[in-house]
file query08.cif (mmCIF, C-alpha atoms)
data_start
#
loop_
_atom_site.label_atom_id
_atom_site.label_comp_id
_atom_site.auth_asym_id
_atom_site.auth_seq_id
_atom_site.Cartn_x
_atom_site.Cartn_y
_atom_site.Cartn_z
CA MET V 15 -19.39 20.17 -57.89
CA ASN V 16 -21.40 22.66 -55.87
CA ALA V 17 -20.13 24.20 -52.64
CA GLY V 18 -22.42 22.14 -50.42
CA LEU V 19 -21.27 18.85 -51.94
CA ARG V 20 -17.59 19.88 -51.67
CA CYS V 21 -18.08 20.49 -47.91
CA VAL V 22 -19.62 17.03 -47.44
CA VAL V 23 -16.76 15.35 -49.35
CA LEU V 24 -14.09 17.25 -47.42
CA ALA V 25 -15.75 16.39 -44.10
CA ALA V 26 -15.76 12.73 -45.03
CA LEU V 27 -12.02 12.84 -45.76
CA LEU V 28 -11.05 14.48 -42.44
CA PRO V 29 -9.83 12.13 -39.66
CA LEU V 30 -12.21 11.45 -36.82
CA VAL V 31 -11.21 13.32 -33.65
CA SER V 32 -12.24 12.08 -30.21
CA PHE V 33 -12.81 14.72 -27.56
CA ALA V 34 -13.22 12.21 -24.72
CA GLU V 35 -11.13 13.09 -21.69
CA PRO V 36 -8.34 10.59 -20.90
CA ILE V 37 -8.95 8.43 -17.86
CA PRO V 38 -6.73 8.98 -14.80
CA ARG V 39 -3.40 7.14 -14.60
CA VAL V 40 -2.42 5.34 -11.39
CA PRO V 41 1.07 3.84 -11.03
CA GLN V 42 1.68 0.36 -9.65
CA GLY V 43 1.78 0.67 -5.86
CA GLY V 44 -0.43 3.77 -6.10
CA LEU V 45 -3.82 4.76 -4.76
CA ALA V 46 -6.93 6.22 -6.38
CA MET V 47 -9.67 7.99 -4.46
CA TRP V 48 -13.27 8.69 -5.39
CA PRO V 49 -14.02 11.92 -3.47
CA PRO V 50 -16.49 11.91 -0.57
CA ALA V 51 -20.18 12.02 -1.44
CA THR V 52 -23.38 11.65 0.51
CA GLY V 53 -25.19 8.34 0.33
CA VAL V 54 -22.10 6.20 -0.41
CA THR V 55 -22.42 2.88 1.42
CA GLN V 56 -20.09 0.52 -0.48
CA CYS V 57 -16.89 0.55 -2.51
CA GLY V 58 -15.65 -2.23 -4.75
CA SER V 59 -12.17 -3.08 -6.01
CA ARG V 60 -9.82 -6.09 -6.35
CA GLY V 61 -12.74 -8.49 -5.96
CA GLU V 62 -13.64 -7.03 -2.55
CA VAL V 63 -16.58 -4.96 -1.33
CA TYR V 64 -15.89 -2.68 1.61
CA ALA V 65 -17.08 0.42 3.46
CA PRO V 66 -16.16 3.96 2.45
CA VAL V 67 -13.97 6.14 4.68
CA ALA V 68 -15.82 9.34 5.53
CA GLY V 69 -17.81 8.97 2.30
CA ALA V 70 -14.72 8.43 0.12
CA CYS V 71 -13.74 5.24 -1.71
CA TYR V 72 -10.05 4.30 -1.87
CA PHE V 73 -8.85 1.95 -4.61
CA PRO V 74 -5.34 0.51 -4.19
CA VAL V 75 -3.07 -0.75 -6.97
CA ASP V 76 -0.62 -3.49 -6.05
CA LEU V 77 3.07 -3.42 -6.99
CA ASP V 78 2.50 -6.31 -9.40
CA ASP V 79 -0.92 -5.36 -10.80
CA ALA V 80 -1.10 -5.72 -14.57
CA LYS V 81 -0.97 -2.53 -16.59
CA GLY V 82 -4.17 -1.53 -18.36
CA THR V 83 -7.66 -0.24 -17.63
CA LYS V 84 -9.18 -1.06 -14.25
CA THR V 85 -12.87 -0.60 -13.37
CA VAL V 86 -14.05 0.09 -9.83
CA PHE V 87 -17.44 0.97 -8.36
CA ARG V 88 -19.28 2.51 -5.50
CA LEU V 89 -22.87 2.16 -4.28
CA ARG V 90 -24.48 5.54 -3.77
CA ASN V 91 -28.10 5.88 -2.62
CA GLY V 92 -28.61 2.29 -3.69
CA VAL V 93 -27.36 2.89 -7.24
CA ARG V 94 -24.10 1.44 -8.56
CA GLU V 95 -21.69 3.95 -10.10
CA ASP V 96 -18.61 2.85 -12.06
CA ALA V 97 -15.29 4.59 -12.63
CA ALA V 98 -12.14 3.63 -14.48
CA PHE V 99 -8.45 4.40 -14.39
CA GLU V 100 -5.36 3.13 -16.16
CA VAL V 101 -2.72 1.22 -14.23
CA VAL V 102 0.72 2.31 -15.47
CA ASP V 103 4.27 1.20 -14.76
CA GLY V 104 5.57 2.27 -11.34
CA GLY V 105 9.00 3.12 -12.74
CA PHE V 106 10.81 1.57 -9.78
CA PRO V 107 14.61 1.80 -9.76
CA THR V 108 17.11 -0.95 -8.95
CA GLU V 109 19.03 -0.79 -5.68
CA ARG V 110 22.19 -2.68 -4.76
CA ILE V 111 22.56 -3.54 -1.07
CA ARG V 112 25.58 -4.97 0.67
CA LEU V 113 24.92 -7.23 3.66
CA PRO V 114 27.72 -8.12 6.10
CA ASN V 115 27.20 -11.87 5.48
CA ASP V 116 25.13 -14.28 3.36
CA ARG V 117 23.05 -15.84 6.13
CA HIS V 118 19.85 -14.14 4.87
CA LEU V 119 20.67 -15.01 1.25
CA LYS V 120 21.91 -18.59 1.29
CA LEU V 121 19.42 -20.14 3.69
CA SER V 122 19.91 -23.41 5.52
CA LYS V 123 17.11 -25.99 5.48
CA ALA V 124 16.11 -24.90 8.96
CA ASP V 125 16.01 -21.22 7.98
CA LEU V 126 14.04 -22.02 4.80
CA ALA V 127 11.45 -23.89 6.85
CA ARG V 128 11.30 -21.08 9.40
CA ALA V 129 10.87 -18.38 6.75
CA ALA V 130 8.09 -20.40 5.08
CA ARG V 131 6.20 -20.80 8.38
CA GLU V 132 6.51 -17.11 9.11
CA LEU V 133 5.30 -16.16 5.64
CA GLU V 134 2.19 -18.31 6.09
CA GLU V 135 1.53 -16.68 9.48
CA VAL V 136 1.64 -13.22 7.89
CA LYS V 137 -0.50 -14.26 4.90
CA LYS V 138 -3.16 -15.67 7.22
CA ALA V 139 -3.26 -12.49 9.29
CA LEU V 140 -3.50 -10.24 6.21
CA ALA V 141 -6.30 -12.34 4.71
CA SER V 142 -8.70 -11.56 7.56
CA ARG V 143 -11.29 -8.81 7.24
CA THR V 144 -12.69 -7.04 10.29
CA ASP V 145 -14.74 -3.96 11.02
CA PRO V 146 -12.79 -0.85 12.07
CA PRO V 147 -12.43 -0.75 15.89
CA GLY V 148 -13.19 2.97 15.85
CA THR V 149 -13.66 5.74 13.34
CA LEU V 150 -11.08 4.99 10.64
CA SER V 151 -9.73 8.16 9.09
CA ILE V 152 -7.31 8.97 6.30
CA PRO V 153 -4.68 10.42 6.37
CA LEU V 154 -3.11 8.21 9.02
CA GLY V 155 -0.75 9.42 11.71
CA PRO V 156 3.04 9.22 11.32
CA PRO V 157 4.82 6.05 12.59
CA VAL V 158 7.69 8.07 14.08
CA SER V 159 8.05 11.72 15.05
CA PRO V 160 9.62 13.70 13.56
CA LEU V 161 9.13 11.75 10.35
CA PRO V 162 12.18 11.78 8.05
CA PRO V 163 11.85 11.32 4.28
CA GLY V 164 11.15 7.70 3.42
CA ARG V 165 12.72 5.78 0.58
CA ASN V 166 12.96 2.51 -1.36
CA PHE V 167 9.30 1.67 -1.99
CA GLY V 168 9.05 -0.74 -4.91
CA THR V 169 12.78 -0.81 -5.58
CA LYS V 170 14.16 -3.89 -7.31
CA ARG V 171 16.77 -5.10 -4.87
CA ILE V 172 20.07 -6.85 -5.43
CA PHE V 173 21.62 -8.19 -2.22
CA ASN V 174 25.32 -9.04 -2.47
CA GLY V 175 24.86 -9.54 -6.20
CA GLU V 176 21.67 -11.67 -5.92
CA LYS V 177 18.33 -10.43 -7.28
CA LYS V 178 15.46 -10.51 -4.80
CA GLY V 179 11.82 -9.43 -4.79
CA PRO V 180 10.70 -5.78 -4.81
CA HIS V 181 10.76 -3.79 -1.60
CA ASN V 182 7.19 -3.79 -0.30
CA GLY V 183 7.39 -0.86 2.08
CA ILE V 184 9.11 2.38 2.99
CA ASP V 185 12.37 2.59 4.94
CA TYR V 186 12.68 5.44 7.41
CA PRO V 187 16.31 6.11 8.46
CA VAL V 188 15.84 6.44 12.21
CA PRO V 189 18.37 5.31 14.85
CA THR V 190 17.86 2.26 17.03
CA GLY V 191 15.58 3.05 19.96
CA THR V 192 13.25 5.48 18.15
CA GLU V 193 9.65 5.13 19.35
CA VAL V 194 7.35 3.57 16.73
CA THR V 195 3.66 4.40 17.10
CA ALA V 196 0.35 3.07 15.80
CA MET V 197 -0.78 5.09 12.79
CA GLU V 198 -4.44 4.45 13.61
CA ALA V 199 -6.44 2.57 16.24
CA GLY V 200 -6.39 -1.17 15.67
CA ARG V 201 -5.76 -4.67 16.95
CA VAL V 202 -2.38 -6.40 17.11
CA VAL V 203 -2.52 -9.50 14.89
CA VAL V 204 1.18 -10.41 14.63
CA VAL V 205 3.97 -10.03 17.16
CA ALA V 206 7.12 -11.95 16.26
CA ASN V 207 10.84 -12.09 15.68
CA HIS V 208 10.91 -13.12 12.02
CA PHE V 209 13.90 -14.33 10.03
CA PHE V 210 13.75 -11.60 7.40
CA ALA V 211 11.68 -8.86 9.08
CA GLY V 212 13.20 -9.17 12.55
CA GLY V 213 11.09 -7.71 15.35
CA SER V 214 7.64 -7.40 13.76
CA VAL V 215 4.31 -5.86 14.70
CA ILE V 216 1.30 -5.99 12.37
CA LEU V 217 -1.85 -4.02 13.19
CA ASP V 218 -5.31 -4.65 11.76
CA HIS V 219 -7.16 -1.32 11.51
CA GLY V 220 -10.28 -2.88 10.03
CA ASP V 221 -11.87 -2.53 6.59
CA GLY V 222 -8.92 -4.31 4.94
CA LEU V 223 -6.22 -1.91 6.18
CA PHE V 224 -3.06 -3.27 7.84
CA THR V 225 0.15 -1.52 8.86
CA MET V 226 3.44 -3.35 9.49
CA SER V 227 6.48 -2.24 11.48
CA PHE V 228 9.61 -4.37 10.94
CA HIS V 229 13.20 -4.63 12.24
CA LEU V 230 12.17 -3.50 15.74
CA SER V 231 14.66 -3.77 18.59
CA ARG V 232 11.90 -3.89 21.21
CA ILE V 233 8.18 -4.71 21.10
CA ASP V 234 5.78 -3.18 23.63
CA VAL V 235 2.49 -4.87 22.66
CA ALA V 236 1.12 -8.41 22.60
CA ARG V 237 -0.99 -10.23 20.06
CA GLY V 238 -4.66 -9.42 20.57
CA ASP V 239 -4.03 -6.04 22.19
CA GLU V 240 -6.27 -3.15 21.17
CA VAL V 241 -4.12 -0.09 20.54
CA LYS V 242 -4.93 3.58 20.16
CA LYS V 243 -3.71 5.92 17.47
CA GLY V 244 -0.31 7.28 18.51
CA GLN V 245 0.36 4.50 21.04
CA VAL V 246 3.95 3.24 21.16
CA VAL V 247 4.17 -0.33 19.81
CA GLY V 248 7.95 -0.71 20.01
CA LEU V 249 11.36 0.72 19.23
CA SER V 250 13.15 0.80 15.89
CA GLY V 251 16.24 -1.32 15.37
CA ALA V 252 18.32 -3.41 13.00
CA THR V 253 16.96 -6.93 13.43
CA GLY V 254 16.39 -9.40 10.60
CA ARG V 255 17.78 -8.84 7.09
CA VAL V 256 19.12 -5.30 7.24
CA SER V 257 22.19 -3.32 6.31
CA GLY V 258 21.69 -0.87 9.18
CA PRO V 259 19.13 0.49 11.68
CA HIS V 260 15.85 1.82 10.29
CA LEU V 261 12.08 1.36 10.42
CA HIS V 262 10.48 -0.60 7.61
CA LEU V 263 6.85 0.46 7.29
CA GLY V 264 4.50 -1.58 5.14
CA VAL V 265 0.83 -1.14 4.26
CA ARG V 266 -1.70 -3.58 2.88
CA LEU V 267 -5.01 -2.15 1.71
CA HIS V 268 -7.58 -4.66 0.44
CA GLY V 269 -4.75 -7.06 -0.28
CA ALA V 270 -2.62 -4.58 -2.23
CA ARG V 271 0.90 -3.42 -1.39
CA VAL V 272 0.77 0.35 -1.68
CA ASP V 273 3.23 3.14 -0.92
CA PRO V 274 2.59 4.00 2.76
CA ARG V 275 3.34 7.67 2.11
CA LEU V 276 0.08 7.93 0.14
CA LEU V 277 -1.87 7.41 3.38
CA LEU V 278 0.03 10.08 5.28
CA PRO V 279 -0.75 13.82 5.26
CA GLY V 280 0.11 15.25 1.84
CA GLY V 281 -0.06 11.84 0.16
CA ARG V 282 -0.56 12.24 -3.59
CA VAL V 283 -3.53 10.02 -4.35
CA VAL V 284 -5.10 10.09 -7.82
CA VAL V 285 -8.58 11.64 -7.68
CA LEU V 286 -11.24 10.04 -9.84
CA ASP V 287 -13.96 11.97 -11.65
CA SER V 288 -16.80 12.57 -9.21
CA ARG V 289 -19.39 13.60 -11.79
#

call {"tool": "encode", "arguments": {"input": "query08.cif", "output": "structure tokens"}}
result
Amino acid sequence: MNAGLRCVVLAALLPLVSFAEPIPRVPQGGLAMWPPATGVTQCGSRGEVYAPVAGACYFPVDLDDAKGTKTVFRLRNGVREDAAFEVVDGGFPTERIRLPNDRHLKLSKADLARAARELEEVKKALASRTDPPGTLSIPLGPPVSPLPPGRNFGTKRIFNGEKKGPHNGIDYPVPTGTEVTAMEAGRVVVVANHFFAGGSVILDHGDGLFTMSFHLSRIDVARGDEVKKGQVVGLSGATGRVSGPHLHLGVRLHGARVDPRLLLPGGRVVVLDSR
């Protein structure tokens, strides 16, 4: 066998090696961002089409989104561009919480009916889509100042020995009476005293972004109010199903429950390839 033929045979026996770069990995409850670019007019994800924020497209991943490859797109100068990332397990821990009584665990018929009505009210509010009332910008402002470290996003909760759904927001350990402020300009779409969430304020910031402040001891806004970024909407407390005073902060972005800390300064979003 001549040398040239030996090289061909050896090459054929070698395993094929792919040099393709791995796609980015985004955990459940995470957020991907396609960096700002000129000419971007639309973003698409989760079956929705929406406007970019300062030229950037943000793609949320819900707590319960299936693991695997996800394709998103943007429209730039009239041309569709696609990108992909892999949704991976959020790795959420389990937390055991002790409540002083079982009222919020073993619900009466009246409380069951009340909780169901309140859930429908919130779902209806979060399903609406409006234009931003001003210039929406990310990162958002802090809900309290100074802002302590938040915790518990996505945790699998066990109340008094009973398994419940995952924790959809961040808990900030602030004392009752701490001022809670709007993280961005928006419109008040829910003001209520809910069975589970206690004193509740939900703001619609437009473009599919909602922020939720729960367990408030006092509410300073009314439904339909237009609020400014940094405006006080109420005071923190310990109302609803709680084990102590704190602020529960939730975020919905294009229908997805994402870690609110990702939208604050220093939030670790996953950056997609901008080539």

call {"tool": "resolve_selection", "arguments": {"input": "query08.cif", "expression": "the PyMOL selection byres ((chain V and resi 47) around 9)", "output": "PyMOL selection string"}}
result
chain V and resi 45-46+48-50+70-74+283-286

call {"tool": "write_last_selection", "arguments": {"input": "query08.cif", "atoms": "C-alpha atoms", "output": "PDB file, keeping the file's coordinate frame"}}
result
ATOM      1  CA  LEU V  45      -3.820   4.760  -4.760  1.00  0.00           C
ATOM      2  CA  ALA V  46      -6.930   6.220  -6.380  1.00  0.00           C
ATOM      3  CA  TRP V  48     -13.270   8.690  -5.390  1.00  0.00           C
ATOM      4  CA  PRO V  49     -14.020  11.920  -3.470  1.00  0.00           C
ATOM      5  CA  PRO V  50     -16.490  11.910  -0.570  1.00  0.00           C
ATOM      6  CA  ALA V  70     -14.720   8.430   0.120  1.00  0.00           C
ATOM      7  CA  CYS V  71     -13.740   5.240  -1.710  1.00  0.00           C
ATOM      8  CA  TYR V  72     -10.050   4.300  -1.870  1.00  0.00           C
ATOM      9  CA  PHE V  73      -8.850   1.950  -4.610  1.00  0.00           C
ATOM     10  CA  PRO V  74      -5.340   0.510  -4.190  1.00  0.00           C
ATOM     11  CA  VAL V 283      -3.530  10.020  -4.350  1.00  0.00           C
ATOM     12  CA  VAL V 284      -5.100  10.090  -7.820  1.00  0.00           C
ATOM     13  CA  VAL V 285      -8.580  11.640  -7.680  1.00  0.00           C
ATOM     14  CA  LEU V 286     -11.240  10.040  -9.840  1.00  0.00           C
TER      15      LEU V 286
END

call {"tool": "resolve_selection", "arguments": {"input": "query08.cif", "expression": "the PyMOL selection byres ((chain V and resi 103) around 8)", "output": "PyMOL selection string"}}
result
chain V and resi 41-42+81+101-102+104-105

call {"tool": "atom_distance", "arguments": {"input": "query08.cif", "atom1": "CA of Gln245 (chain V)", "atom2": "CA of Thr195 (chain V)"}}
result
5.1 Å

call {"tool": "residues_around", "arguments": {"input": "query08.cif", "residues": "region 144-156 of chain V", "least_positions_apart": "6", "cutoff": "8 Å", "atoms": "all atoms listed in the file", "output": "list in words"}}
result
Val67, Ala68, Thr195, Ala196, Met197, Glu198, Ala199, Gly200, Arg201, Asp218, His219, Gly220, Asp221, Gly222, Lys243, Gly244, Leu277, Leu278, Pro279 and Gly281 of chain V

call {"tool": "atom_distance", "arguments": {"input": "query08.cif", "atom1": "CA of Pro189 (chain V)", "atom2": "CA of Asp239 (chain V)"}}
result
26.2 Å

call {"tool": "residues_near_point", "arguments": {"input": "query08.cif", "point": "(9.2, 0.1, 12.6)", "cutoff": "6 Å", "atoms": "all atoms listed in the file", "output": "ChimeraX atom specification"}}
result
/V:194,227-228,230,250,261-263

call {"tool": "resolve_selection", "arguments": {"input": "query08.cif", "expression": "the PyMOL selection byres ((chain V and resi 97-100) around 8)", "output": "VMD selection string"}}
result
chain V and resid 37 to 40 81 to 87 95 to 96 101 to 102 286 to 287

call {"tool": "closest_residue", "arguments": {"input": "query08.cif", "among": "V:Gly43, V:Tyr64, V:Arg171, V:Ala51", "to": "Val265 (chain V)", "atoms": "only C-alpha atoms"}}
result
V:Gly43

call {"tool": "decode", "arguments": {"input": "query08.cif", "residues": "region 157-218 of chain V", "atoms": "C-alpha atoms", "output": "PDB file, in the first residue's frame"}}
result
ATOM      1  CA  PRO V 157     -38.308  47.835  44.695  1.00  0.00           C
ATOM      2  CA  VAL V 158     -36.892  48.856  48.087  1.00  0.00           C
ATOM      3  CA  SER V 159     -33.847  50.871  49.111  1.00  0.00           C
ATOM      4  CA  PRO V 160     -31.408  49.738  50.294  1.00  0.00           C
ATOM      5  CA  LEU V 161     -32.049  46.428  48.571  1.00  0.00           C
ATOM      6  CA  PRO V 162     -31.079  43.386  50.668  1.00  0.00           C
ATOM      7  CA  PRO V 163     -30.132  40.063  49.063  1.00  0.00           C
ATOM      8  CA  GLY V 164     -33.202  38.275  47.753  1.00  0.00           C
ATOM      9  CA  ARG V 165     -33.900  34.579  48.090  1.00  0.00           C
ATOM     10  CA  ASN V 166     -36.212  31.649  47.343  1.00  0.00           C
ATOM     11  CA  PHE V 167     -36.872  32.063  43.616  1.00  0.00           C
ATOM     12  CA  GLY V 168     -38.051  28.763  42.174  1.00  0.00           C
ATOM     13  CA  THR V 169     -37.748  26.860  45.444  1.00  0.00           C
ATOM     14  CA  LYS V 170     -39.930  23.793  45.854  1.00  0.00           C
ATOM     15  CA  ARG V 171     -41.874  24.576  48.995  1.00  0.00           C
ATOM     16  CA  ILE V 172     -43.193  22.328  51.730  1.00  0.00           C
ATOM     17  CA  PHE V 173     -45.566  24.103  54.111  1.00  0.00           C
ATOM     18  CA  ASN V 174     -46.153  22.306  57.416  1.00  0.00           C
ATOM     19  CA  GLY V 175     -45.264  19.045  55.694  1.00  0.00           C
ATOM     20  CA  GLU V 176     -47.437  19.639  52.580  1.00  0.00           C
ATOM     21  CA  LYS V 177     -45.890  20.049  49.125  1.00  0.00           C
ATOM     22  CA  LYS V 178     -46.965  23.171  47.250  1.00  0.00           C
ATOM     23  CA  GLY V 179     -46.079  24.821  43.944  1.00  0.00           C
ATOM     24  CA  PRO V 180     -42.717  26.488  43.250  1.00  0.00           C
ATOM     25  CA  HIS V 181     -42.044  29.958  44.577  1.00  0.00           C
ATOM     26  CA  ASN V 182     -42.638  32.321  41.661  1.00  0.00           C
ATOM     27  CA  GLY V 183     -40.782  35.364  42.927  1.00  0.00           C
ATOM     28  CA  ILE V 184     -38.049  36.707  45.170  1.00  0.00           C
ATOM     29  CA  ASP V 185     -38.469  37.352  48.891  1.00  0.00           C
ATOM     30  CA  TYR V 186     -36.722  40.402  50.294  1.00  0.00           C
ATOM     31  CA  PRO V 187     -36.373  40.295  54.106  1.00  0.00           C
ATOM     32  CA  VAL V 188     -37.466  43.836  54.953  1.00  0.00           C
ATOM     33  CA  PRO V 189     -39.403  44.853  58.081  1.00  0.00           C
ATOM     34  CA  THR V 190     -43.058  45.834  58.026  1.00  0.00           C
ATOM     35  CA  GLY V 191     -43.472  49.446  56.940  1.00  0.00           C
ATOM     36  CA  THR V 192     -40.625  49.550  54.392  1.00  0.00           C
ATOM     37  CA  GLU V 193     -41.501  51.713  51.380  1.00  0.00           C
ATOM     38  CA  VAL V 194     -42.053  49.676  48.199  1.00  0.00           C
ATOM     39  CA  THR V 195     -41.540  51.566  44.943  1.00  0.00           C
ATOM     40  CA  ALA V 196     -42.398  51.109  41.275  1.00  0.00           C
ATOM     41  CA  MET V 197     -39.445  49.601  39.416  1.00  0.00           C
ATOM     42  CA  GLU V 198     -40.460  51.352  36.190  1.00  0.00           C
ATOM     43  CA  ALA V 199     -43.232  53.653  35.003  1.00  0.00           C
ATOM     44  CA  GLY V 200     -46.497  51.818  34.484  1.00  0.00           C
ATOM     45  CA  ARG V 201     -50.198  51.464  35.146  1.00  0.00           C
ATOM     46  CA  VAL V 202     -51.760  49.820  38.199  1.00  0.00           C
ATOM     47  CA  VAL V 203     -53.828  46.838  37.016  1.00  0.00           C
ATOM     48  CA  VAL V 204     -54.468  45.014  40.309  1.00  0.00           C
ATOM     49  CA  VAL V 205     -54.960  46.380  43.811  1.00  0.00           C
ATOM     50  CA  ALA V 206     -56.311  43.827  46.271  1.00  0.00           C
ATOM     51  CA  ASN V 207     -56.112  41.989  49.552  1.00  0.00           C
ATOM     52  CA  HIS V 208     -55.718  38.418  48.303  1.00  0.00           C
ATOM     53  CA  PHE V 209     -56.026  35.229  50.321  1.00  0.00           C
ATOM     54  CA  PHE V 210     -52.521  33.967  49.584  1.00  0.00           C
ATOM     55  CA  ALA V 211     -50.663  37.118  48.472  1.00  0.00           C
ATOM     56  CA  GLY V 212     -52.180  39.497  51.017  1.00  0.00           C
ATOM     57  CA  GLY V 213     -51.917  43.174  50.118  1.00  0.00           C
ATOM     58  CA  SER V 214     -51.153  43.096  46.389  1.00  0.00           C
ATOM     59  CA  VAL V 215     -50.170  45.608  43.725  1.00  0.00           C
ATOM     60  CA  ILE V 216     -49.527  44.578  40.121  1.00  0.00           C
ATOM     61  CA  LEU V 217     -48.097  47.078  37.633  1.00  0.00           C
ATOM     62  CA  ASP V 218     -48.262  46.805  33.853  1.00  0.00           C
TER      63      ASP V 218
END
